[in-house]
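A.B. asks: For reference, this is target-v1.cif, and it has mmCIF, C-alpha atoms; chains and numbers go by the auth columns.
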data_coords
#
loop_
_atom_site.group_PDB
_atom_site.id
_atom_site.type_symbol
_atom_site.label_atom_id
_atom_site.label_comp_id
_atom_site.label_asym_id
_atom_site.label_seq_id
_atom_site.Cartn_x
_atom_site.Cartn_y
_atom_site.Cartn_z
_atom_site.B_iso_or_equiv
_atom_site.auth_seq_id
_atom_site.auth_asym_id
ATOM 1 C CA MET A 1 92.890 88.651 92.417 0.00 1 A
ATOM 2 C CA ASN A 2 92.389 89.399 96.092 0.00 2 A
ATOM 3 C CA PRO A 3 92.354 93.092 96.982 0.00 3 A
ATOM 4 C CA VAL A 4 95.087 94.586 99.160 0.00 4 A
ATOM 5 C CA SER A 5 94.269 97.331 101.665 0.00 5 A
ATOM 6 C CA LEU A 6 95.690 100.737 100.829 0.00 6 A
ATOM 7 C CA SER A 7 95.008 104.094 102.437 0.00 7 A
ATOM 8 C CA ALA A 8 95.304 107.529 100.890 0.00 8 A
ATOM 9 C CA SER A 9 94.382 111.076 101.720 0.00 9 A
ATOM 10 C CA GLY A 10 93.232 113.977 99.608 0.00 10 A
ATOM 11 C CA ARG A 11 95.987 116.103 98.103 0.00 11 A
ATOM 12 C CA SER A 12 95.814 119.872 98.100 0.00 12 A
ATOM 13 C CA LEU A 13 99.394 120.502 96.959 0.00 13 A
ATOM 14 C CA SER A 14 99.803 120.374 93.214 0.00 14 A
ATOM 15 C CA ARG A 15 102.062 121.711 90.526 0.00 15 A
ATOM 16 C CA ARG A 16 105.788 121.105 90.525 0.00 16 A
ATOM 17 C CA GLN A 17 106.678 122.814 93.826 0.00 17 A
ATOM 18 C CA GLY A 18 103.826 121.144 95.728 0.00 18 A
ATOM 19 C CA VAL A 19 104.749 117.710 94.419 0.00 19 A
ATOM 20 C CA LYS A 20 108.381 118.262 95.465 0.00 20 A
ATOM 21 C CA GLN A 21 107.174 119.115 98.989 0.00 21 A
ATOM 22 C CA LEU A 22 105.086 115.929 99.086 0.00 22 A
ATOM 23 C CA ARG A 23 107.988 113.752 98.027 0.00 23 A
ATOM 24 C CA ALA A 24 110.224 115.433 100.647 0.00 24 A
ATOM 25 C CA GLN A 25 107.656 114.322 103.257 0.00 25 A
ATOM 26 C CA SER A 26 107.819 110.668 102.030 0.00 26 A
ATOM 27 C CA GLN A 27 104.485 110.969 100.234 0.00 27 A
ATOM 28 C CA VAL A 28 103.724 109.854 96.665 0.00 28 A
ATOM 29 C CA PRO A 29 101.305 111.885 94.540 0.00 29 A
ATOM 30 C CA ALA A 30 98.479 109.881 93.002 0.00 30 A
ATOM 31 C CA VAL A 31 95.227 110.343 91.145 0.00 31 A
ATOM 32 C CA ILE A 32 92.097 108.202 91.097 0.00 32 A
ATOM 33 C CA TYR A 33 89.643 108.294 88.241 0.00 33 A
ATOM 34 C CA GLY A 34 86.757 106.199 87.026 0.00 34 A
ATOM 35 C CA SER A 35 83.718 106.228 84.809 0.00 35 A
ATOM 36 C CA ARG A 36 81.381 107.021 87.723 0.00 36 A
ATOM 37 C CA THR A 37 83.425 109.644 89.591 0.00 37 A
ATOM 38 C CA GLU A 38 85.416 112.778 88.938 0.00 38 A
ATOM 39 C CA PRO A 39 89.225 112.485 89.070 0.00 39 A
ATOM 40 C CA GLN A 40 90.626 113.185 92.526 0.00 40 A
ATOM 41 C CA SER A 41 94.199 114.063 93.503 0.00 41 A
ATOM 42 C CA LEU A 42 95.541 111.881 96.327 0.00 42 A
ATOM 43 C CA GLN A 43 98.708 111.281 98.256 0.00 43 A
ATOM 44 C CA LEU A 44 99.969 107.874 99.387 0.00 44 A
ATOM 45 C CA THR A 45 102.536 106.988 102.010 0.00 45 A
ATOM 46 C CA GLU A 46 105.747 106.091 100.185 0.00 46 A
ATOM 47 C CA LYS A 47 106.495 103.056 102.380 0.00 47 A
ATOM 48 C CA GLU A 48 102.959 101.644 102.072 0.00 48 A
ATOM 49 C CA ILE A 49 102.807 101.868 98.259 0.00 49 A
ATOM 50 C CA GLU A 50 106.351 100.487 97.873 0.00 50 A
ATOM 51 C CA ASP A 51 105.471 97.513 100.123 0.00 51 A
ATOM 52 C CA THR A 52 102.248 96.918 98.192 0.00 52 A
ATOM 53 C CA ILE A 53 104.023 96.868 94.833 0.00 53 A
ATOM 54 C CA SER A 54 107.074 94.895 95.982 0.00 54 A
ATOM 55 C CA HIS A 55 104.902 92.030 97.285 0.00 55 A
ATOM 56 C CA ALA A 56 102.963 91.691 94.024 0.00 56 A
ATOM 57 C CA ALA A 57 103.821 89.834 90.833 0.00 57 A
ATOM 58 C CA SER A 58 102.879 92.782 88.628 0.00 58 A
ATOM 59 C CA GLU A 59 102.050 96.445 89.072 0.00 59 A
ATOM 60 C CA HIS A 60 98.378 95.871 88.205 0.00 60 A
ATOM 61 C CA ILE A 61 97.079 95.340 91.726 0.00 61 A
ATOM 62 C CA LEU A 62 93.515 95.343 93.005 0.00 62 A
ATOM 63 C CA VAL A 63 93.233 97.481 96.146 0.00 63 A
ATOM 64 C CA ASP A 64 90.578 98.274 98.724 0.00 64 A
ATOM 65 C CA LEU A 65 91.278 101.987 98.836 0.00 65 A
ATOM 66 C CA GLU A 66 90.337 104.061 101.851 0.00 66 A
ATOM 67 C CA VAL A 67 90.478 107.773 101.139 0.00 67 A
ATOM 68 C CA LYS A 68 90.821 109.733 104.374 0.00 68 A
ATOM 69 C CA GLY A 69 89.969 113.389 104.740 0.00 69 A
ATOM 70 C CA ASP A 70 86.970 115.655 104.295 0.00 70 A
ATOM 71 C CA ASP A 71 85.162 113.307 101.941 0.00 71 A
ATOM 72 C CA SER A 72 86.201 109.965 103.452 0.00 72 A
ATOM 73 C CA ARG A 73 85.214 107.012 101.314 0.00 73 A
ATOM 74 C CA LYS A 74 86.129 103.436 100.471 0.00 74 A
ATOM 75 C CA CYS A 75 86.275 101.992 96.987 0.00 75 A
ATOM 76 C CA LEU A 76 87.709 99.161 94.928 0.00 76 A
ATOM 77 C CA ALA A 77 90.477 100.317 92.576 0.00 77 A
ATOM 78 C CA LEU A 78 93.137 98.961 90.253 0.00 78 A
ATOM 79 C CA ILE A 79 96.641 100.356 90.264 0.00 79 A
ATOM 80 C CA GLN A 80 96.673 101.321 86.601 0.00 80 A
ATOM 81 C CA ASP A 81 100.080 102.919 86.135 0.00 81 A
ATOM 82 C CA VAL A 82 103.158 103.498 88.278 0.00 82 A
ATOM 83 C CA GLN A 83 105.822 106.009 87.247 0.00 83 A
ATOM 84 C CA HIS A 84 109.358 105.339 88.502 0.00 84 A
ATOM 85 C CA HIS A 85 112.417 107.582 88.631 0.00 85 A
ATOM 86 C CA PRO A 86 114.692 106.479 85.747 0.00 86 A
ATOM 87 C CA VAL A 87 117.832 106.302 87.894 0.00 87 A
ATOM 88 C CA THR A 88 116.794 105.534 91.467 0.00 88 A
ATOM 89 C CA GLY A 89 113.657 103.508 90.698 0.00 89 A
ATOM 90 C CA LYS A 90 111.678 105.378 93.379 0.00 90 A
ATOM 91 C CA ILE A 91 107.961 105.684 92.785 0.00 91 A
ATOM 92 C CA LEU A 92 107.110 109.156 91.459 0.00 92 A
ATOM 93 C CA HIS A 93 103.378 108.915 90.736 0.00 93 A
ATOM 94 C CA VAL A 94 100.543 106.369 90.843 0.00 94 A
ATOM 95 C CA ASP A 95 97.375 106.262 88.735 0.00 95 A
ATOM 96 C CA LEU A 96 94.432 104.389 90.239 0.00 96 A
ATOM 97 C CA ARG A 97 91.275 103.429 88.369 0.00 97 A
ATOM 98 C CA GLU A 98 88.103 102.974 90.401 0.00 98 A
ATOM 99 C CA VAL A 99 86.275 99.790 89.392 0.00 99 A
ATOM 100 C CA ALA A 100 82.965 98.202 90.299 0.00 100 A
ATOM 101 C CA GLU A 101 82.826 94.590 91.432 0.00 101 A
ATOM 102 C CA ASP A 102 80.147 93.797 88.838 0.00 102 A
ATOM 103 C CA GLU A 103 81.902 95.507 85.900 0.00 103 A
ATOM 104 C CA SER A 104 84.470 93.676 83.771 0.00 104 A
ATOM 105 C CA VAL A 105 87.870 95.301 83.293 0.00 105 A
ATOM 106 C CA VAL A 106 90.865 94.743 81.020 0.00 106 A
ATOM 107 C CA ILE A 107 94.375 94.471 82.467 0.00 107 A
ATOM 108 C CA THR A 108 97.771 93.402 81.193 0.00 108 A
ATOM 109 C CA ALA A 109 98.986 90.282 83.014 0.00 109 A
ATOM 110 C CA PRO A 110 102.473 88.748 82.882 0.00 110 A
ATOM 111 C CA ILE A 111 102.885 85.212 81.501 0.00 111 A
ATOM 112 C CA GLU A 112 105.350 82.924 83.294 0.00 112 A
ATOM 113 C CA PRO A 113 106.490 79.356 82.504 0.00 113 A
ATOM 114 C CA MET A 114 106.232 76.519 85.042 0.00 114 A
ATOM 115 C CA GLY A 115 108.208 73.291 84.904 0.00 115 A
ATOM 116 C CA GLU A 116 111.065 72.068 82.722 0.00 116 A
ATOM 117 C CA PRO A 117 110.103 71.125 79.167 0.00 117 A
ATOM 118 C CA VAL A 118 110.800 67.596 77.872 0.00 118 A
ATOM 119 C CA GLY A 119 112.413 69.138 74.798 0.00 119 A
ATOM 120 C CA VAL A 120 114.982 70.870 77.007 0.00 120 A
ATOM 121 C CA LYS A 121 115.681 67.900 79.306 0.00 121 A
ATOM 122 C CA VAL A 122 115.811 65.140 76.698 0.00 122 A
ATOM 123 C CA SER A 123 116.497 66.817 73.342 0.00 123 A
ATOM 124 C CA GLY A 124 118.728 69.652 74.552 0.00 124 A
ATOM 125 C CA GLY A 125 116.452 72.287 73.050 0.00 125 A
ATOM 126 C CA ILE A 126 115.980 75.848 74.251 0.00 126 A
ATOM 127 C CA LEU A 127 112.769 77.233 75.765 0.00 127 A
ATOM 128 C CA GLU A 128 111.869 80.391 73.866 0.00 128 A
ATOM 129 C CA HIS A 129 109.594 82.766 75.784 0.00 129 A
ATOM 130 C CA VAL A 130 108.031 84.785 72.960 0.00 130 A
ATOM 131 C CA LEU A 131 105.118 86.643 74.586 0.00 131 A
ATOM 132 C CA PHE A 132 105.768 88.005 78.079 0.00 132 A
ATOM 133 C CA GLN A 133 102.365 89.590 78.806 0.00 133 A
ATOM 134 C CA THR A 134 98.831 89.692 77.451 0.00 134 A
ATOM 135 C CA LYS A 135 95.609 91.579 77.978 0.00 135 A
ATOM 136 C CA ILE A 136 92.852 89.721 79.786 0.00 136 A
ATOM 137 C CA LYS A 137 89.276 90.686 80.593 0.00 137 A
ATOM 138 C CA GLY A 138 87.083 89.717 83.529 0.00 138 A
ATOM 139 C CA MET A 139 85.579 90.776 86.821 0.00 139 A
ATOM 140 C CA PRO A 140 88.186 92.419 89.092 0.00 140 A
ATOM 141 C CA ARG A 141 88.218 89.640 91.695 0.00 141 A
ATOM 142 C CA ASP A 142 88.441 86.881 89.029 0.00 142 A
ATOM 143 C CA LEU A 143 91.545 88.258 87.298 0.00 143 A
ATOM 144 C CA PRO A 144 94.828 86.441 88.017 0.00 144 A
ATOM 145 C CA GLU A 145 97.861 88.434 89.077 0.00 145 A
ATOM 146 C CA VAL A 146 100.067 86.214 86.882 0.00 146 A
ATOM 147 C CA ILE A 147 99.252 83.688 84.164 0.00 147 A
ATOM 148 C CA SER A 148 101.302 80.555 84.887 0.00 148 A
ATOM 149 C CA VAL A 149 101.686 78.104 82.005 0.00 149 A
ATOM 150 C CA ASP A 150 102.857 74.495 82.392 0.00 150 A
ATOM 151 C CA VAL A 151 105.559 74.053 79.733 0.00 151 A
ATOM 152 C CA SER A 152 106.756 70.599 80.864 0.00 152 A
ATOM 153 C CA PRO A 153 105.000 68.636 78.045 0.00 153 A
ATOM 154 C CA LEU A 154 106.679 70.704 75.280 0.00 154 A
ATOM 155 C CA ASP A 155 109.041 68.735 73.048 0.00 155 A
ATOM 156 C CA ALA A 156 111.419 69.982 70.345 0.00 156 A
ATOM 157 C CA GLY A 157 109.496 71.987 67.748 0.00 157 A
ATOM 158 C CA ASP A 158 106.347 72.327 69.901 0.00 158 A
ATOM 159 C CA THR A 159 104.643 75.674 70.496 0.00 159 A
ATOM 160 C CA ILE A 160 102.017 76.908 72.945 0.00 160 A
ATOM 161 C CA HIS A 161 99.769 79.601 71.446 0.00 161 A
ATOM 162 C CA LEU A 162 97.840 82.268 73.352 0.00 162 A
ATOM 163 C CA GLY A 163 94.514 80.549 72.638 0.00 163 A
ATOM 164 C CA GLU A 164 95.789 77.315 74.246 0.00 164 A
ATOM 165 C CA ILE A 165 96.586 78.865 77.623 0.00 165 A
ATOM 166 C CA PRO A 166 94.063 77.866 80.303 0.00 166 A
ATOM 167 C CA LEU A 167 92.607 80.889 82.093 0.00 167 A
ATOM 168 C CA PRO A 168 90.460 81.045 85.240 0.00 168 A
ATOM 169 C CA GLU A 169 86.706 80.790 84.865 0.00 169 A
ATOM 170 C CA ASN A 170 85.023 84.005 83.600 0.00 170 A
ATOM 171 C CA VAL A 171 88.362 85.402 82.313 0.00 171 A
ATOM 172 C CA ILE A 172 89.093 85.731 78.595 0.00 172 A
ATOM 173 C CA SER A 173 92.177 86.674 76.619 0.00 173 A
ATOM 174 C CA VAL A 174 91.833 89.795 74.488 0.00 174 A
ATOM 175 C CA GLY A 175 94.842 89.056 72.233 0.00 175 A
ATOM 176 C CA ASN A 176 95.171 87.076 69.008 0.00 176 A
ATOM 177 C CA PRO A 177 94.758 83.366 69.940 0.00 177 A
ATOM 178 C CA LYS A 178 97.279 82.320 67.260 0.00 178 A
ATOM 179 C CA LEU A 179 100.186 84.271 68.801 0.00 179 A
ATOM 180 C CA PRO A 180 103.003 81.990 70.008 0.00 180 A
ATOM 181 C CA VAL A 181 103.797 82.280 73.712 0.00 181 A
ATOM 182 C CA PHE A 182 106.337 79.492 74.322 0.00 182 A
ATOM 183 C CA SER A 183 108.205 77.219 71.917 0.00 183 A
ATOM 184 C CA ILE A 184 111.116 74.801 72.033 0.00 184 A
ATOM 185 C CA GLY A 185 113.877 75.690 69.601 0.00 185 A
ATOM 186 C CA ALA A 186 116.466 73.192 68.486 0.00 186 A
ATOM 187 C CA THR A 187 120.135 73.798 69.182 0.00 187 A
ATOM 188 C CA ARG A 188 122.662 73.679 66.363 0.00 188 A
ATOM 189 C CA ALA A 189 124.702 70.515 66.016 0.00 189 A
ATOM 190 C CA SER A 190 128.369 71.030 66.861 0.00 190 A
#
Would you mind writing the file's structure down as structure tokens?
C.D. replies:
Amino acid sequence: MNPVSLSASGRSLSRRQGVKQLRAQSQVPAVIYGSRTEPQSLQLTEKEIEDTISHAASEHILVDLEVKGDDSRKCLALIQDVQHHPVTGKILHVDLREVAEDESVVITAPIEPMGEPVGVKVSGGILEHVLFQTKIKGMPRDLPEVISVDVSPLDAGDTIHLGEIPLPENVISVGNPKLPVFSIGATRAS
């Protein structure tokens, strides 16, 4: 995963009223934490974080974070969690986790099919997408944003299990390798 540039500044406003003021100024409250540093309250520009998330395949994004302010610093971080408004979908809060380039991390990556299965084209079967995401572990820059699986060789009755999915070098799946991910189900005869 290639890091995306993101800038933030320290946040002094907190509590409910302060957060409302931030959001009124098109800012998104955020926090960064990590095993080597103390948690720090930040604020992100609403447009910049929305653009960053909208151009990514998942919300787990590796960022080169530049924190501006009194204690300016740069670090590598993962967008760990994004809270959205339940009605409007606007971003309400972002959690960032500082990571080291030489330290492996675990993320949840989406699994997407590629191609049209033989069992669908020829046999009239149905592609069943059973597992939509899985946890993977690796160095931050080695992790894929999305796990794409070629389903074109699947015929009626065939199944691809989690352990059979090819992953990039130095990346491992944390889930049960026997879990089904994709299968071709037969249609009922009319």
A.B. asks: Starting from the displayed file, determine the output of the PyMOL selection byres ((chain A and resi 167-174) around 9) and express the residue list as a list in words.
C.D. replies: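 Matching residues under the PyMOL selection byres ((chain A and resi 167-174) around 9) are Val106, Thr134, Lys135, Ile136, Lys137, Gly138, Met139, Asp142, Leu143, Pro144, Ile147, Leu162, Gly163, Ile165, Pro166, Gly175, Asn176 and Pro177 of chain A.
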A.B. asks: So what do you get for atom CA of A:Gln21 versus atom CA of A:Pro39, distance-wise?
C.D. replies: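 So the answer is 21.6 Å.
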A.B. asks: To verify the selection step, state as a CSV table (one decimal) with C-alpha atoms, in the frame of the given file which residues the PyMOL selection byres ((chain A and resi 43-47) around 7) yields on this input.
C.D. replies:
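Listing of expr_9.csv after writing:
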chain,number,residue,atom,x,y,z
A,7,SER,CA,95.0,104.1,102.4
A,8,ALA,CA,95.3,107.5,100.9
A,9,SER,CA,94.4,111.1,101.7
A,10,GLY,CA,93.2,114.0,99.6
A,11,ARG,CA,96.0,116.1,98.1
A,26,SER,CA,107.8,110.7,102.0
A,27,GLN,CA,104.5,111.0,100.2
A,28,VAL,CA,103.7,109.9,96.7
A,29,PRO,CA,101.3,111.9,94.5
A,30,ALA,CA,98.5,109.9,93.0
A,42,LEU,CA,95.5,111.9,96.3
A,48,GLU,CA,103.0,101.6,102.1
A,49,ILE,CA,102.8,101.9,98.3
A,50,GLU,CA,106.4,100.5,97.9
A,51,ASP,CA,105.5,97.5,100.1
A.B. asks: Near A:Val120, within 9 Å and counting all atoms listed in the file, which residues show up once chain neighbours fewer than 2 positions away are dropped, as an mmCIF file with C-alpha atoms, in the frame of the given file?
C.D. replies:
data_model
loop_
_atom_site.group_PDB
_atom_site.id
_atom_site.type_symbol
_atom_site.label_atom_id
_atom_site.label_comp_id
_atom_site.auth_asym_id
_atom_site.auth_seq_id
_atom_site.Cartn_x
_atom_site.Cartn_y
_atom_site.Cartn_z
ATOM 1 C CA GLU A 116 111.065 72.068 82.722
ATOM 2 C CA PRO A 117 110.103 71.125 79.167
ATOM 3 C CA VAL A 118 110.800 67.596 77.872
ATOM 4 C CA VAL A 122 115.811 65.140 76.698
ATOM 5 C CA SER A 123 116.497 66.817 73.342
ATOM 6 C CA GLY A 124 118.728 69.652 74.552
ATOM 7 C CA GLY A 125 116.452 72.287 73.050
ATOM 8 C CA ILE A 126 115.980 75.848 74.251
ATOM 9 C CA LEU A 127 112.769 77.233 75.765
ATOM 10 C CA LEU A 154 106.679 70.704 75.280
ATOM 11 C CA ASP A 155 109.041 68.735 73.048
ATOM 12 C CA ALA A 156 111.419 69.982 70.345
ATOM 13 C CA ILE A 184 111.116 74.801 72.033
ATOM 14 C CA GLY A 185 113.877 75.690 69.601
ATOM 15 C CA ALA A 186 116.466 73.192 68.486
#
A.B. asks: Determine, counting all atoms listed in the file, which protein, DNA and RNA residues have an atom within 8 Å of an atom of A:His161; residues of the same chain fewer than 5 positions away are not included. Present the result as a PyMOL selection string.
C.D. replies: chain A and resi 177-182
A.B. asks: What gap, in Å, lies between atom CA of A:His85 and atom CA of A:Ala24?
C.D. replies: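 Distance reported for this atom pair: 14.5 Å.
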A.B. asks: Under the rule that only C-alpha atoms are counted, which of A:Arg97, A:Arg23, A:Lys74, A:Lys90 is the nearest residue to A:Ser5?
C.D. replies: A:Lys74
A.B. asks: One decimal, in Å: what's the spacing between atom CA of A:Val146 and atom CA of A:Asn2?
C.D. replies: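 These two atoms are separated by 12.4 Å.
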A.B. asks: Going by the chain IDs and residue numbers used in this file, which residues fall under the PyMOL selection byres ((chain A and resi 77-83) around 7)? Write them as a PDB file with C-alpha atoms, in the coordinates of the input.
C.D. replies:
ATOM      1  CA  GLU A  59     102.050  96.445  89.072  1.00  0.00           C
ATOM      2  CA  HIS A  60      98.378  95.871  88.205  1.00  0.00           C
ATOM      3  CA  ILE A  61      97.079  95.340  91.726  1.00  0.00           C
ATOM      4  CA  LEU A  62      93.515  95.343  93.005  1.00  0.00           C
ATOM      5  CA  VAL A  63      93.233  97.481  96.146  1.00  0.00           C
ATOM      6  CA  ASP A  64      90.578  98.274  98.724  1.00  0.00           C
ATOM      7  CA  LEU A  65      91.278 101.987  98.836  1.00  0.00           C
ATOM      8  CA  CYS A  75      86.275 101.992  96.987  1.00  0.00           C
ATOM      9  CA  LEU A  76      87.709  99.161  94.928  1.00  0.00           C
ATOM     10  CA  HIS A  84     109.358 105.339  88.502  1.00  0.00           C
ATOM     11  CA  HIS A  85     112.417 107.582  88.631  1.00  0.00           C
ATOM     12  CA  ILE A  91     107.961 105.684  92.785  1.00  0.00           C
ATOM     13  CA  LEU A  92     107.110 109.156  91.459  1.00  0.00           C
ATOM     14  CA  HIS A  93     103.378 108.915  90.736  1.00  0.00           C
ATOM     15  CA  VAL A  94     100.543 106.369  90.843  1.00  0.00           C
ATOM     16  CA  ASP A  95      97.375 106.262  88.735  1.00  0.00           C
ATOM     17  CA  LEU A  96      94.432 104.389  90.239  1.00  0.00           C
ATOM     18  CA  ARG A  97      91.275 103.429  88.369  1.00  0.00           C
ATOM     19  CA  GLU A  98      88.103 102.974  90.401  1.00  0.00           C
ATOM     20  CA  VAL A  99      86.275  99.790  89.392  1.00  0.00           C
TER      21      VAL A  99
END
A.B. asks: For A:Val19, which residue among A:Ser183, A:Ser58, A:Lys121, A:Ser41 is the nearest when counting all atoms listed in the file?
C.D. replies: A:Ser41
A.B. asks: Nearest to A:Val130 among A:Ala109, A:Val151, A:Ile160, A:Met114, with distances taken over all atoms listed in the file: which residue is it?
C.D. replies: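 For A:Val130, the nearest of the given residues is A:Ile160.
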